[in-house]
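As provided, entry.pdb (PDB, C-alpha atoms) reads as follows.
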```pdb
ATOM      1  CA  MET A 215      62.815  14.186  12.949
ATOM      2  CA  ASP A 216      63.898  14.638   9.317
ATOM      3  CA  ARG A 217      61.719  17.234   7.527
ATOM      4  CA  ARG A 218      60.954  14.755   4.754
ATOM      5  CA  GLN A 219      59.721  12.233   7.316
ATOM      6  CA  PHE A 220      57.555  14.892   8.951
ATOM      7  CA  VAL A 221      55.997  15.920   5.624
ATOM      8  CA  ALA A 222      55.415  12.317   4.614
ATOM      9  CA  GLY A 223      53.922  11.520   8.012
ATOM     10  CA  SER A 224      51.712  14.609   7.949
ATOM     11  CA  THR A 225      50.494  13.789   4.453
ATOM     12  CA  ALA A 226      49.613  10.261   5.520
ATOM     13  CA  ALA A 227      47.793  11.581   8.584
ATOM     14  CA  LEU A 228      45.838  14.071   6.502
ATOM     15  CA  ALA A 229      44.964  11.349   4.010
ATOM     16  CA  THR A 230      43.673   9.202   6.851
ATOM     17  CA  LEU A 231      41.662  12.048   8.336
ATOM     18  CA  GLY A 232      40.342  12.987   4.920
ATOM     19  CA  SER A 233      39.115   9.444   4.333
ATOM     20  CA  ARG A 234      37.026   9.275   7.507
ATOM     21  CA  PRO A 235      34.084  11.382   6.324
ATOM     22  CA  VAL A 236      33.839   9.140   3.236
ATOM     23  CA  PHE A 237      33.321   6.125   5.443
ATOM     24  CA  ALA A 238      30.729   8.078   7.448
ATOM     25  CA  GLN A 239      28.839   8.994   4.294
ATOM     26  CA  ASP A 240      28.930   5.392   3.059
ATOM     27  CA  ALA A 241      27.451   4.071   6.318
ATOM     28  CA  TYR A 242      23.701   3.457   6.204
ATOM     29  CA  PRO A 243      21.592   4.093   8.102
ATOM     30  CA  THR A 244      23.158   6.801  10.240
ATOM     31  CA  ARG A 245      19.993   7.993  11.972
ATOM     32  CA  THR A 246      16.252   7.318  12.328
ATOM     33  CA  ILE A 247      14.499   5.785   9.334
ATOM     34  CA  THR A 248      11.072   7.278   8.740
ATOM     35  CA  LEU A 249       8.422   5.167   7.022
ATOM     36  CA  ILE A 250       5.736   7.385   5.501
ATOM     37  CA  ASN A 251       2.227   5.980   5.934
ATOM     38  CA  PRO A 252       0.056   7.913   3.434
ATOM     39  CA  PHE A 253      -3.247   6.931   5.053
ATOM     40  CA  PRO A 254      -4.948   7.408   8.427
ATOM     41  CA  PRO A 255      -4.422   4.645  11.019
ATOM     42  CA  GLY A 256      -6.262   1.389  10.374
ATOM     43  CA  GLY A 257      -5.686   0.997   6.637
ATOM     44  CA  ALA A 258      -3.634  -1.729   4.948
ATOM     45  CA  ALA A 259      -0.422   0.334   4.702
ATOM     46  CA  ASP A 260      -0.666   1.143   8.413
ATOM     47  CA  VAL A 261      -1.475  -2.328   9.746
ATOM     48  CA  VAL A 262       1.294  -3.934   7.635
ATOM     49  CA  GLY A 263       3.793  -1.072   8.021
ATOM     50  CA  ARG A 264       3.734  -1.053  11.829
ATOM     51  CA  PRO A 265       4.814  -4.655  12.436
ATOM     52  CA  PHE A 266       7.396  -4.189   9.663
ATOM     53  CA  SER A 267       8.865  -1.156  11.456
ATOM     54  CA  VAL A 268       9.097  -3.139  14.706
ATOM     55  CA  VAL A 269      11.087  -6.018  13.183
ATOM     56  CA  LEU A 270      13.203  -3.736  10.979
ATOM     57  CA  GLU A 271      14.565  -1.662  13.880
ATOM     58  CA  PRO A 272      16.882  -4.275  15.447
ATOM     59  CA  ILE A 273      18.147  -5.255  11.998
ATOM     60  CA  VAL A 274      19.211  -1.729  10.965
ATOM     61  CA  LYS A 275      20.254  -0.800  14.533
ATOM     62  CA  GLN A 276      18.559   2.596  14.253
ATOM     63  CA  PRO A 277      15.082   3.800  15.313
ATOM     64  CA  VAL A 278      12.364   3.149  12.712
ATOM     65  CA  VAL A 279       9.264   5.322  13.032
ATOM     66  CA  ILE A 280       5.958   5.535  11.203
ATOM     67  CA  GLU A 281       4.955   9.057  10.156
ATOM     68  CA  THR A 282       1.394   9.460   8.945
ATOM     69  CA  LYS A 283       0.824  11.939   6.123
ATOM     70  CA  ALA A 284      -2.708  11.228   4.998
ATOM     71  CA  GLY A 285      -4.814  12.887   2.343
ATOM     72  CA  ALA A 286      -6.083  12.634  -1.242
ATOM     73  CA  ALA A 287      -6.417   8.825  -1.164
ATOM     74  CA  GLY A 288      -2.715   8.417  -0.397
ATOM     75  CA  ALA A 289      -1.385  11.036  -2.828
ATOM     76  CA  VAL A 290      -0.261  13.514  -0.136
ATOM     77  CA  GLY A 291       2.087  11.041   1.552
ATOM     78  CA  ALA A 292       3.369   9.752  -1.779
ATOM     79  CA  GLN A 293       4.184  13.282  -2.948
ATOM     80  CA  PHE A 294       5.974  14.010   0.328
ATOM     81  CA  ALA A 295       8.098  10.877  -0.052
ATOM     82  CA  ALA A 296       8.836  11.636  -3.706
ATOM     83  CA  ASN A 297      10.263  15.013  -2.661
ATOM     84  CA  ALA A 298      12.241  13.671   0.332
ATOM     85  CA  LYS A 299      16.025  13.607   0.338
ATOM     86  CA  PRO A 300      16.984  10.392  -1.473
ATOM     87  CA  ASP A 301      19.342   9.027   1.165
ATOM     88  CA  GLY A 302      17.307   6.060   2.393
ATOM     89  CA  HIS A 303      16.206   7.674   5.649
ATOM     90  CA  THR A 304      12.716   8.496   4.328
ATOM     91  CA  LEU A 305      10.878   5.570   2.748
ATOM     92  CA  LEU A 306       7.277   5.083   1.671
ATOM     93  CA  VAL A 307       4.896   2.254   2.528
ATOM     94  CA  HIS A 308       2.149   2.323  -0.089
ATOM     95  CA  ILE A 309      -0.449   0.159  -1.755
ATOM     96  CA  VAL A 310      -1.805  -0.618  -5.206
ATOM     97  CA  SER A 311      -3.314   2.863  -5.625
ATOM     98  CA  ILE A 312       0.145   4.421  -6.016
ATOM     99  CA  SER A 313      -0.042   3.241  -9.624
ATOM    100  CA  GLY A 314      -3.099   5.270 -10.615
ATOM    101  CA  PHE A 315      -2.511   8.848  -9.427
ATOM    102  CA  ALA A 316      -0.850  10.137 -12.600
ATOM    103  CA  GLU A 317      -3.592   8.588 -14.746
ATOM    104  CA  VAL A 318      -6.279  10.270 -12.628
ATOM    105  CA  ASP A 319      -4.523  13.645 -13.015
ATOM    106  CA  LYS A 320      -4.454  13.156 -16.791
ATOM    107  CA  LEU A 321      -8.138  12.241 -16.751
ATOM    108  CA  PHE A 322      -8.952  15.603 -15.188
ATOM    109  CA  GLY A 323      -6.470  17.557 -17.327
ATOM    110  CA  ARG A 324      -4.073  18.163 -14.434
ATOM    111  CA  GLN A 325      -0.297  18.045 -14.486
ATOM    112  CA  PRO A 326       0.700  14.960 -12.431
ATOM    113  CA  LYS A 327       2.332  15.942  -9.135
ATOM    114  CA  PHE A 328       4.435  12.776  -9.332
ATOM    115  CA  THR A 329       4.618   9.614 -11.400
ATOM    116  CA  ARG A 330       5.805   6.062 -10.811
ATOM    117  CA  ALA A 331       9.195   7.144 -12.156
ATOM    118  CA  ASP A 332       9.673   9.240  -8.989
ATOM    119  CA  PHE A 333      10.041   6.061  -6.922
ATOM    120  CA  ILE A 334      12.332   3.067  -6.720
ATOM    121  CA  PRO A 335      10.326  -0.065  -5.881
ATOM    122  CA  ILE A 336      12.163  -1.874  -3.075
ATOM    123  CA  ALA A 337       9.963  -4.820  -2.098
ATOM    124  CA  ARG A 338       6.417  -6.096  -1.974
ATOM    125  CA  PHE A 339       5.373  -7.446   1.419
ATOM    126  CA  THR A 340       1.866  -8.848   1.069
ATOM    127  CA  GLU A 341      -0.381 -10.280  -1.590
ATOM    128  CA  GLY A 342      -3.335  -8.301  -0.269
ATOM    129  CA  PRO A 343      -6.525 -10.279  -0.897
ATOM    130  CA  MET A 344      -9.618  -8.091  -0.867
ATOM    131  CA  VAL A 345     -13.178  -8.772   0.206
ATOM    132  CA  LEU A 346     -16.516  -7.120  -0.379
ATOM    133  CA  VAL A 347     -18.012  -6.551   3.060
ATOM    134  CA  VAL A 348     -21.351  -5.250   4.309
ATOM    135  CA  ASN A 349     -22.553  -3.942   7.637
ATOM    136  CA  ALA A 350     -23.938  -6.867   9.665
ATOM    137  CA  GLU A 351     -27.226  -5.003  10.158
ATOM    138  CA  THR A 352     -27.964  -5.187   6.433
ATOM    139  CA  PRO A 353     -29.953  -8.158   5.079
ATOM    140  CA  TYR A 354     -27.295  -9.007   2.474
ATOM    141  CA  LYS A 355     -25.954 -12.553   2.891
ATOM    142  CA  THR A 356     -24.702 -12.957  -0.682
ATOM    143  CA  VAL A 357     -23.543 -10.789  -3.573
ATOM    144  CA  LYS A 358     -26.837 -11.593  -5.329
ATOM    145  CA  ASP A 359     -28.800 -10.150  -2.377
ATOM    146  CA  LEU A 360     -26.854  -6.905  -2.656
ATOM    147  CA  VAL A 361     -27.080  -6.691  -6.449
ATOM    148  CA  ASP A 362     -30.808  -7.392  -6.493
ATOM    149  CA  ASP A 363     -31.499  -4.661  -3.922
ATOM    150  CA  ALA A 364     -29.204  -2.194  -5.681
ATOM    151  CA  LYS A 365     -31.057  -2.751  -8.956
ATOM    152  CA  LYS A 366     -34.373  -2.065  -7.235
ATOM    153  CA  ASN A 367     -32.970   0.971  -5.417
ATOM    154  CA  PRO A 368     -30.282   2.608  -7.557
ATOM    155  CA  ASP A 369     -28.109   5.175  -5.749
ATOM    156  CA  LYS A 370     -29.739   4.368  -2.403
ATOM    157  CA  ILE A 371     -27.163   1.948  -0.987
ATOM    158  CA  VAL A 372     -24.019   3.747   0.207
ATOM    159  CA  PHE A 373     -20.477   2.430  -0.195
ATOM    160  CA  SER A 374     -17.503   4.011   1.544
ATOM    161  CA  SER A 375     -13.957   4.215   0.205
ATOM    162  CA  SER A 376     -10.510   5.588   0.974
ATOM    163  CA  GLY A 377     -11.092   8.411  -1.521
ATOM    164  CA  LEU A 378     -11.796   8.997  -5.203
ATOM    165  CA  TYR A 379      -9.847   6.540  -7.366
ATOM    166  CA  GLY A 380      -8.242   5.093  -4.268
ATOM    167  CA  ALA A 381      -7.512   1.423  -3.602
ATOM    168  CA  LEU A 382     -11.014   0.885  -2.201
ATOM    169  CA  HIS A 383     -12.909   2.968  -4.750
ATOM    170  CA  LEU A 384     -11.463   1.237  -7.825
ATOM    171  CA  PRO A 385     -12.516  -2.321  -6.912
ATOM    172  CA  THR A 386     -15.989  -1.169  -5.804
ATOM    173  CA  GLN A 387     -16.504   0.673  -9.080
ATOM    174  CA  LEU A 388     -15.324  -2.376 -11.020
ATOM    175  CA  PHE A 389     -17.787  -4.501  -9.035
ATOM    176  CA  MET A 390     -20.625  -2.086  -9.850
ATOM    177  CA  ASN A 391     -19.653  -2.067 -13.522
ATOM    178  CA  ALA A 392     -19.643  -5.872 -13.663
ATOM    179  CA  ALA A 393     -22.942  -6.172 -11.770
ATOM    180  CA  GLY A 394     -24.659  -3.356 -13.681
ATOM    181  CA  ILE A 395     -25.618  -1.444 -10.537
ATOM    182  CA  LYS A 396     -25.183   2.038  -9.073
ATOM    183  CA  MET A 397     -24.503   2.788  -5.427
ATOM    184  CA  ARG A 398     -23.847   6.124  -3.738
ATOM    185  CA  HIS A 399     -20.218   6.948  -2.925
ATOM    186  CA  LEU A 400     -19.027   8.126   0.476
ATOM    187  CA  PRO A 401     -15.325   8.936  -0.015
ATOM    188  CA  THR A 402     -13.184   9.317   3.107
ATOM    189  CA  ASN A 403      -9.469  10.047   3.537
ATOM    190  CA  GLY A 404      -8.311   6.482   4.151
ATOM    191  CA  GLY A 405      -9.118   2.810   4.648
ATOM    192  CA  GLY A 406      -9.483   3.245   8.422
ATOM    193  CA  PRO A 407     -12.138   5.997   8.160
ATOM    194  CA  ALA A 408     -13.881   4.057   5.363
ATOM    195  CA  LEU A 409     -14.128   1.048   7.668
ATOM    196  CA  THR A 410     -15.367   3.275  10.507
ATOM    197  CA  ALA A 411     -18.131   4.563   8.219
ATOM    198  CA  LEU A 412     -19.178   0.975   7.520
ATOM    199  CA  LEU A 413     -19.088  -0.025  11.196
ATOM    200  CA  GLY A 414     -21.296   2.962  12.027
ATOM    201  CA  ASN A 415     -23.701   2.039   9.203
ATOM    202  CA  ASN A 416     -23.103   5.396   7.537
ATOM    203  CA  ALA A 417     -22.146   3.158   4.633
ATOM    204  CA  GLN A 418     -23.500  -0.309   3.972
ATOM    205  CA  VAL A 419     -20.836  -1.655   1.593
ATOM    206  CA  LEU A 420     -17.044  -1.558   1.413
ATOM    207  CA  ALA A 421     -14.313  -3.230  -0.649
ATOM    208  CA  SER A 422     -11.568  -3.780   1.929
ATOM    209  CA  SER A 423      -8.267  -5.520   2.379
ATOM    210  CA  VAL A 424      -8.646  -8.633   4.481
ATOM    211  CA  ALA A 425      -5.917  -7.244   6.744
ATOM    212  CA  ALA A 426      -7.985  -4.207   7.696
ATOM    213  CA  ALA A 427     -11.367  -5.961   7.912
ATOM    214  CA  ASN A 428     -10.582  -9.377   9.383
ATOM    215  CA  THR A 429     -10.923  -8.463  13.080
ATOM    216  CA  HIS A 430     -14.385  -6.992  12.492
ATOM    217  CA  ILE A 431     -15.443  -9.931  10.310
ATOM    218  CA  LYS A 432     -14.478 -12.292  13.132
ATOM    219  CA  SER A 433     -16.376 -10.163  15.680
ATOM    220  CA  GLY A 434     -19.510 -10.311  13.538
ATOM    221  CA  LYS A 435     -19.789  -6.528  13.098
ATOM    222  CA  ILE A 436     -19.356  -6.809   9.345
ATOM    223  CA  ARG A 437     -20.050  -9.630   6.900
ATOM    224  CA  ALA A 438     -17.843 -10.705   4.006
ATOM    225  CA  ILE A 439     -19.892 -11.708   0.953
ATOM    226  CA  GLY A 440     -17.272 -12.086  -1.774
ATOM    227  CA  SER A 441     -13.515 -12.036  -2.349
ATOM    228  CA  TYR A 442     -11.733 -10.341  -5.245
ATOM    229  CA  SER A 443      -9.122 -13.094  -5.627
ATOM    230  CA  THR A 444      -9.029 -15.979  -8.101
ATOM    231  CA  LYS A 445      -9.312 -18.473  -5.247
ATOM    232  CA  ARG A 446     -10.890 -18.250  -1.806
ATOM    233  CA  VAL A 447      -8.914 -16.445   0.881
ATOM    234  CA  GLY A 448      -7.221 -18.847   3.290
ATOM    235  CA  SER A 449      -8.477 -17.019   6.386
ATOM    236  CA  LEU A 450     -12.028 -16.823   4.977
ATOM    237  CA  PRO A 451     -12.603 -20.223   3.347
ATOM    238  CA  ASP A 452     -16.403 -19.953   3.483
ATOM    239  CA  VAL A 453     -16.501 -16.704   1.493
ATOM    240  CA  PRO A 454     -16.917 -17.383  -2.248
ATOM    241  CA  THR A 455     -15.027 -15.333  -4.805
ATOM    242  CA  LEU A 456     -16.817 -12.800  -6.963
ATOM    243  CA  LYS A 457     -15.912 -14.971  -9.957
ATOM    244  CA  GLU A 458     -17.664 -17.929  -8.323
ATOM    245  CA  GLN A 459     -20.700 -15.682  -8.074
ATOM    246  CA  GLY A 460     -20.679 -14.804 -11.762
ATOM    247  CA  LEU A 461     -18.758 -11.503 -11.749
ATOM    248  CA  ASP A 462     -15.461 -11.254 -13.646
ATOM    249  CA  VAL A 463     -13.680  -8.962 -11.176
ATOM    250  CA  GLU A 464     -10.224  -9.391  -9.660
ATOM    251  CA  PHE A 465      -8.265  -6.920  -7.521
ATOM    252  CA  TYR A 466      -5.503  -7.059  -4.900
ATOM    253  CA  LEU A 467      -4.492  -4.549  -2.250
ATOM    254  CA  TRP A 468      -0.801  -5.378  -1.912
ATOM    255  CA  VAL A 469       1.539  -3.385   0.333
ATOM    256  CA  GLY A 470       5.048  -2.445  -0.789
ATOM    257  CA  LEU A 471       8.086  -0.386   0.146
ATOM    258  CA  PHE A 472       9.446   2.438  -2.015
ATOM    259  CA  ALA A 473      12.405   4.832  -1.962
ATOM    260  CA  PRO A 474      12.610   8.254  -3.637
ATOM    261  CA  LYS A 475      14.186   8.368  -7.083
ATOM    262  CA  GLY A 476      17.910   9.088  -6.860
ATOM    263  CA  THR A 477      18.561   6.967  -3.776
ATOM    264  CA  PRO A 478      22.124   5.585  -4.191
ATOM    265  CA  GLU A 479      22.383   2.008  -5.404
ATOM    266  CA  ALA A 480      24.400   0.952  -2.347
ATOM    267  CA  VAL A 481      21.694   2.296  -0.038
ATOM    268  CA  VAL A 482      18.957   0.574  -2.055
ATOM    269  CA  LYS A 483      20.904  -2.690  -1.796
ATOM    270  CA  SER A 484      21.147  -2.259   1.989
ATOM    271  CA  ILE A 485      17.419  -1.514   2.332
ATOM    272  CA  ARG A 486      16.568  -4.556   0.215
ATOM    273  CA  ALA A 487      18.648  -6.846   2.407
ATOM    274  CA  SER A 488      17.207  -5.421   5.636
ATOM    275  CA  ALA A 489      13.614  -5.536   4.360
ATOM    276  CA  LYS A 490      13.997  -9.145   3.246
ATOM    277  CA  ALA A 491      15.379 -10.130   6.651
ATOM    278  CA  ALA A 492      12.587  -8.259   8.452
ATOM    279  CA  VAL A 493       9.782  -9.881   6.469
ATOM    280  CA  ALA A 494      11.304 -13.337   7.054
ATOM    281  CA  THR A 495      11.101 -12.980  10.851
ATOM    282  CA  ASP A 496       8.574 -15.117  12.707
ATOM    283  CA  LYS A 497       7.247 -11.990  14.394
ATOM    284  CA  PHE A 498       6.305 -10.308  11.099
ATOM    285  CA  GLN A 499       4.940 -13.511   9.566
ATOM    286  CA  GLU A 500       2.750 -14.098  12.621
ATOM    287  CA  ALA A 501       1.496 -10.483  12.636
ATOM    288  CA  ILE A 502       0.384 -10.713   9.002
ATOM    289  CA  LYS A 503      -1.201 -14.123   9.568
ATOM    290  CA  ASN A 504      -3.187 -12.672  12.478
ATOM    291  CA  LEU A 505      -4.443  -9.955  10.119
ATOM    292  CA  GLY A 506      -5.712 -12.638   7.747
ATOM    293  CA  ASP A 507      -3.409 -11.339   5.023
ATOM    294  CA  THR A 508      -0.830 -13.317   3.056
ATOM    295  CA  VAL A 509       2.915 -12.633   3.019
ATOM    296  CA  ASN A 510       4.062 -12.862  -0.596
ATOM    297  CA  TYR A 511       7.482 -11.233  -0.647
ATOM    298  CA  MET A 512       8.931  -9.865  -3.852
ATOM    299  CA  ASP A 513      12.475  -8.500  -3.943
ATOM    300  CA  GLN A 514      13.260  -5.533  -6.174
ATOM    301  CA  PRO A 515      13.714  -7.177  -9.610
ATOM    302  CA  GLU A 516      10.546  -9.256  -9.305
ATOM    303  CA  PHE A 517       8.593  -6.430  -7.673
ATOM    304  CA  ALA A 518       9.627  -3.931 -10.379
ATOM    305  CA  LYS A 519       8.365  -6.291 -13.095
ATOM    306  CA  PHE A 520       5.151  -6.986 -11.175
ATOM    307  CA  TRP A 521       4.600  -3.268 -10.543
ATOM    308  CA  ASP A 522       4.795  -2.499 -14.254
ATOM    309  CA  GLN A 523       2.192  -5.152 -15.016
ATOM    310  CA  ASP A 524      -0.083  -4.259 -12.117
ATOM    311  CA  ALA A 525       0.127  -0.533 -12.904
ATOM    312  CA  ALA A 526      -1.141  -1.233 -16.413
ATOM    313  CA  ARG A 527      -4.189  -2.951 -14.889
ATOM    314  CA  VAL A 528      -4.796  -0.067 -12.465
ATOM    315  CA  GLU A 529      -4.443   2.566 -15.196
ATOM    316  CA  ALA A 530      -6.868   0.616 -17.390
ATOM    317  CA  ALA A 531      -9.330   0.492 -14.464
ATOM    318  CA  VAL A 532      -9.100   4.278 -14.010
ATOM    319  CA  LYS A 533      -9.730   4.839 -17.713
ATOM    320  CA  SER A 534     -12.672   2.438 -17.744
ATOM    321  CA  ILE A 535     -14.277   4.279 -14.809
ATOM    322  CA  GLY A 536     -13.714   7.691 -16.393
ATOM    323  CA  LYS A 537     -14.372  11.018 -14.691
ATOM    324  CA  VAL A 538     -16.225  10.472 -11.455
ATOM    325  CA  GLU A 539     -16.890  13.563  -9.371
ATOM    326  CA  GLY A 540     -18.002  11.870  -6.202
TER     327      GLY A 540
END
```

Output the file's structure as structure tokens, nothing else.
Amino acid sequence: MDRRQFVAGSTAALATLGSRPVFAQDAYPTRTITLINPFPPGGAADVVGRPFSVVLEPIVKQPVVIETKAGAAGAVGAQFAANAKPDGHTLLVHIVSISGFAEVDKLFGRQPKFTRADFIPIARFTEGPMVLVVNAETPYKTVKDLVDDAKKNPDKIVFSSSGLYGALHLPTQLFMNAAGIKMRHLPTNGGGPALTALLGNNAQVLASSVAAANTHIKSGKIRAIGSYSTKRVGSLPDVPTLKEQGLDVEFYLWVGLFAPKGTPEAVVKSIRASAKAAVATDKFQEAIKNLGDTVNYMDQPEFAKFWDQDAARVEAAVKSIGKVEG
């Protein structure tokens, strides 16, 4: 072989070999995708995230696992995800409360551990209607029953929540503000434990996502007395809204998917396409319907705009509540 042919052939071979790792780096996903659930099992992020992980796996052709990192009303898991390598293999399933953490830190004079800017919003899965529920052993059949008793017995009735300024505390506090009542707060470390406290009658009142509460409403263990939406929830048509009952309160516990800041645009595009396909499956749609929740998918551009608007509402709610120690 002529030396020039050998050199040319070797150069071409090296160029080909050198290009292979580039293709490997561009491929996504290349291994297990971990979805961070920032709450204990049983909350809205968990009960929506699990069926999503099941339908996502065959689409991405890699294992998809849920990893629970609970604590501080969802802040621990969010901080973990914010600090994860931004390569699309660690994603965060979170709820409306992700918007208020930085504002709470400011309220208490703390440096925020993370802000909304540390995340790329990928998609919103569910609309997240919320209901005010009471333990079935209580005498409360309507919001008026509860308000009247709370006015007679301030700080005696106990409400549970997923933690201070969490997605279940904020709507309950807004309800109390609108009704002019005071109840005693039992903060827990997630929506699941908050619901357990209600089921055990350690708390009498809870603002919950329909997704988390619906099974227990159907079983008769808890009673829904008002919804936080502008219209009645489809799965609970007999439950009047709080607005119907004279209280100007509205709140939604949506569930969305987020990636750490710095995730490459090509990877974000791939996640968006896979998430959209997963949510459109009959299996996911049926799972959410069975929870009593509503699929209301928003792709990134729409979700980003919505998140900005919704975050402003959440931040305003935190400010209106002010410093609450417990």

Note to self: Set the distance at 12 Å and use all atoms listed in the file: which residues neighbour Tyr354 (chain A) once local chain neighbours fewer than 2 positions away are removed? I'd like the list as a ChimeraX atom specification.
What the structure shows: /A:346-352,356-364,371,418-419,436-440

Write the residues you've just listed into a file as a compact mmCIF listing (two decimals), in the frame of the given file, and include C-alpha atoms for each of them.
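Okay, this is what ended up in selection16.txt:
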```txt
# COMPACT_ATOMS: atom_id res chain seq x y z
CA LEU A 346 -16.52 -7.12 -0.38
CA VAL A 347 -18.01 -6.55 3.06
CA VAL A 348 -21.35 -5.25 4.31
CA ASN A 349 -22.55 -3.94 7.64
CA ALA A 350 -23.94 -6.87 9.66
CA GLU A 351 -27.23 -5.00 10.16
CA THR A 352 -27.96 -5.19 6.43
CA THR A 356 -24.70 -12.96 -0.68
CA VAL A 357 -23.54 -10.79 -3.57
CA LYS A 358 -26.84 -11.59 -5.33
CA ASP A 359 -28.80 -10.15 -2.38
CA LEU A 360 -26.85 -6.90 -2.66
CA VAL A 361 -27.08 -6.69 -6.45
CA ASP A 362 -30.81 -7.39 -6.49
CA ASP A 363 -31.50 -4.66 -3.92
CA ALA A 364 -29.20 -2.19 -5.68
CA ILE A 371 -27.16 1.95 -0.99
CA GLN A 418 -23.50 -0.31 3.97
CA VAL A 419 -20.84 -1.66 1.59
CA ILE A 436 -19.36 -6.81 9.35
CA ARG A 437 -20.05 -9.63 6.90
CA ALA A 438 -17.84 -10.70 4.01
CA ILE A 439 -19.89 -11.71 0.95
CA GLY A 440 -17.27 -12.09 -1.77
```

Give me, as a tab-separated table, each residue of region 280-375 of chain A that comes within 6 Å of region 517-530 of chain A, together with its shortest interatomic pair and the distance in Å at one decimal, counting all atoms listed in the file, with rows ordered by chain and rising residue number.
```
residue	atom	partner	partner_atom	distance
A:Ser313	CA	A:Ala525	CA	5.0
A:Gly314	CA	A:Glu529	CA	5.5
A:Pro335	CA	A:Ala518	CA	6.0
A:Ala337	CA	A:Phe517	CA	6.0
```

Next item on the list: Skip Asn428 (chain A) itself and residues of its chain fewer than 2 positions away, then list as number ranges by chain all residues within 12 Å of it, counting all atoms listed in the file.
Entry: A: 256-258, 261, 343-347, 409, 422-426, 430-438, 447-450, 502-507

Residue contacts of Tyr511 (chain A) (9 Å, only C-alpha atoms) excluding same-chain residues fewer than 2 positions away, as an mmCIF file with C-alpha atoms, keeping the file's coordinate frame:
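Once written, result_21.cif looks like this:
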```
data_model
loop_
_atom_site.group_PDB
_atom_site.id
_atom_site.type_symbol
_atom_site.label_atom_id
_atom_site.label_comp_id
_atom_site.auth_asym_id
_atom_site.auth_seq_id
_atom_site.Cartn_x
_atom_site.Cartn_y
_atom_site.Cartn_z
ATOM 1 C CA ALA A 337 9.963 -4.820 -2.098
ATOM 2 C CA ARG A 338 6.417 -6.096 -1.974
ATOM 3 C CA PHE A 339 5.373 -7.446 1.419
ATOM 4 C CA THR A 340 1.866 -8.848 1.069
ATOM 5 C CA GLU A 341 -0.381 -10.280 -1.590
ATOM 6 C CA LYS A 490 13.997 -9.145 3.246
ATOM 7 C CA VAL A 493 9.782 -9.881 6.469
ATOM 8 C CA ALA A 494 11.304 -13.337 7.054
ATOM 9 C CA VAL A 509 2.915 -12.633 3.019
ATOM 10 C CA ASP A 513 12.475 -8.500 -3.943
ATOM 11 C CA PHE A 517 8.593 -6.430 -7.673
#
```

Check: At what distance in Å, to one decimal, does CA of Thr477 (chain A) lie from CA of Lys299 (chain A)?
Finding: 8.2 Å

Item checked: Output of the PyMOL selection byres ((chain A and resi 468-472) around 7), listed as JSON, numbers by chain -> {"A": [259, 305, 306, 307, 308, 309, 310, 333, 334, 335, 336, 337, 338, 339, 340, 341, 342, 466, 467, 473, 474]}

Next item on the list: Please provide as a PyMOL selection string all residues within 8 Å of Glu317 (chain A), with the sequence filter that same-chain residues fewer than 4 positions apart are discarded (counting all atoms listed in the file).
Entry: chain A and resi 321+529+532-533

Generate the output file for the selected residues, C-alpha atoms, as a compact mmCIF listing (two decimals), keeping the file's coordinate frame.
```
# COMPACT_ATOMS: atom_id res chain seq x y z
CA LEU A 321 -8.14 12.24 -16.75
CA GLU A 529 -4.44 2.57 -15.20
CA VAL A 532 -9.10 4.28 -14.01
CA LYS A 533 -9.73 4.84 -17.71
```

Checklist line | Expansion of the PyMOL selection byres ((chain A and resi 378-395) around 9) into residues, as a ChimeraX atom specification | finding: /A:286-288,309-312,314-315,318,344,346,361-362,364-365,368-369,373-377,396-397,399,401-402,404-405,408,419-423,442,456,460-467,528,531-532,534-535,538-540

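Coordinates place CA of Asp260 (chain A) at a distance of 16.2 Å from CA of Glu500 (chain A).
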
Checklist line | Result set of the PyMOL selection byres ((chain A and resi 245) around 8) on the coordinates above, as a ChimeraX atom specification | finding: /A:243-244,246-247,276-277,303

Checklist line | Proximity to Phe328 (chain A) - best of A:Ala289, A:Ala298, A:Ala427, A:Ala241, only C-alpha atoms | finding: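 Of all the options, A:Ala289 lies closest to Phe328 (chain A).
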
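Distance cut-off 10 Å, centre (16.2, -6.1, 6.3), atoms counted only C-alpha atoms; the residues meeting this are Phe266, Val269, Leu270, Glu271, Pro272, Ile273, Val274, Lys483, Ser484, Ile485, Arg486, Ala487, Ser488, Ala489, Lys490, Ala491, Ala492, Val493, Ala494 and Thr495 of chain A.
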
Note to self: Can you measure CA of Gly476 (chain A) to CA of Pro300 (chain A) for me? One decimal in Å is fine.
What the structure shows: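 Between CA of Gly476 (chain A) and CA of Pro300 (chain A) the gap is 5.6 Å.
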
Check: Of the residues A:Gln325, A:Arg398, A:Ala284, A:Pro254, which is the one nearest to Thr410 (chain A), using only C-alpha atoms?
Finding: A:Pro254

Next item on the list: May I ask which of the residues A:Lys283, A:Ser443, A:Gln293, A:Gln514 is the closest one to Lys457 (chain A), counting all atoms listed in the file?
Entry: A:Ser443

Next item on the list: Pick out the closest residue to Gln499 (chain A) from this set: A:Gly291, A:Pro255, A:Pro265, A:Pro515. Count only C-alpha atoms.
Entry: A:Pro265

Next item on the list: May I have the residues within 9 Å of Val268 (chain A) as a list in words, using all atoms listed in the file and disregarding those fewer than 5 positions away in the same chain?
Entry: Gly263, Val278, Val279, Ala492 and Phe498 of chain A
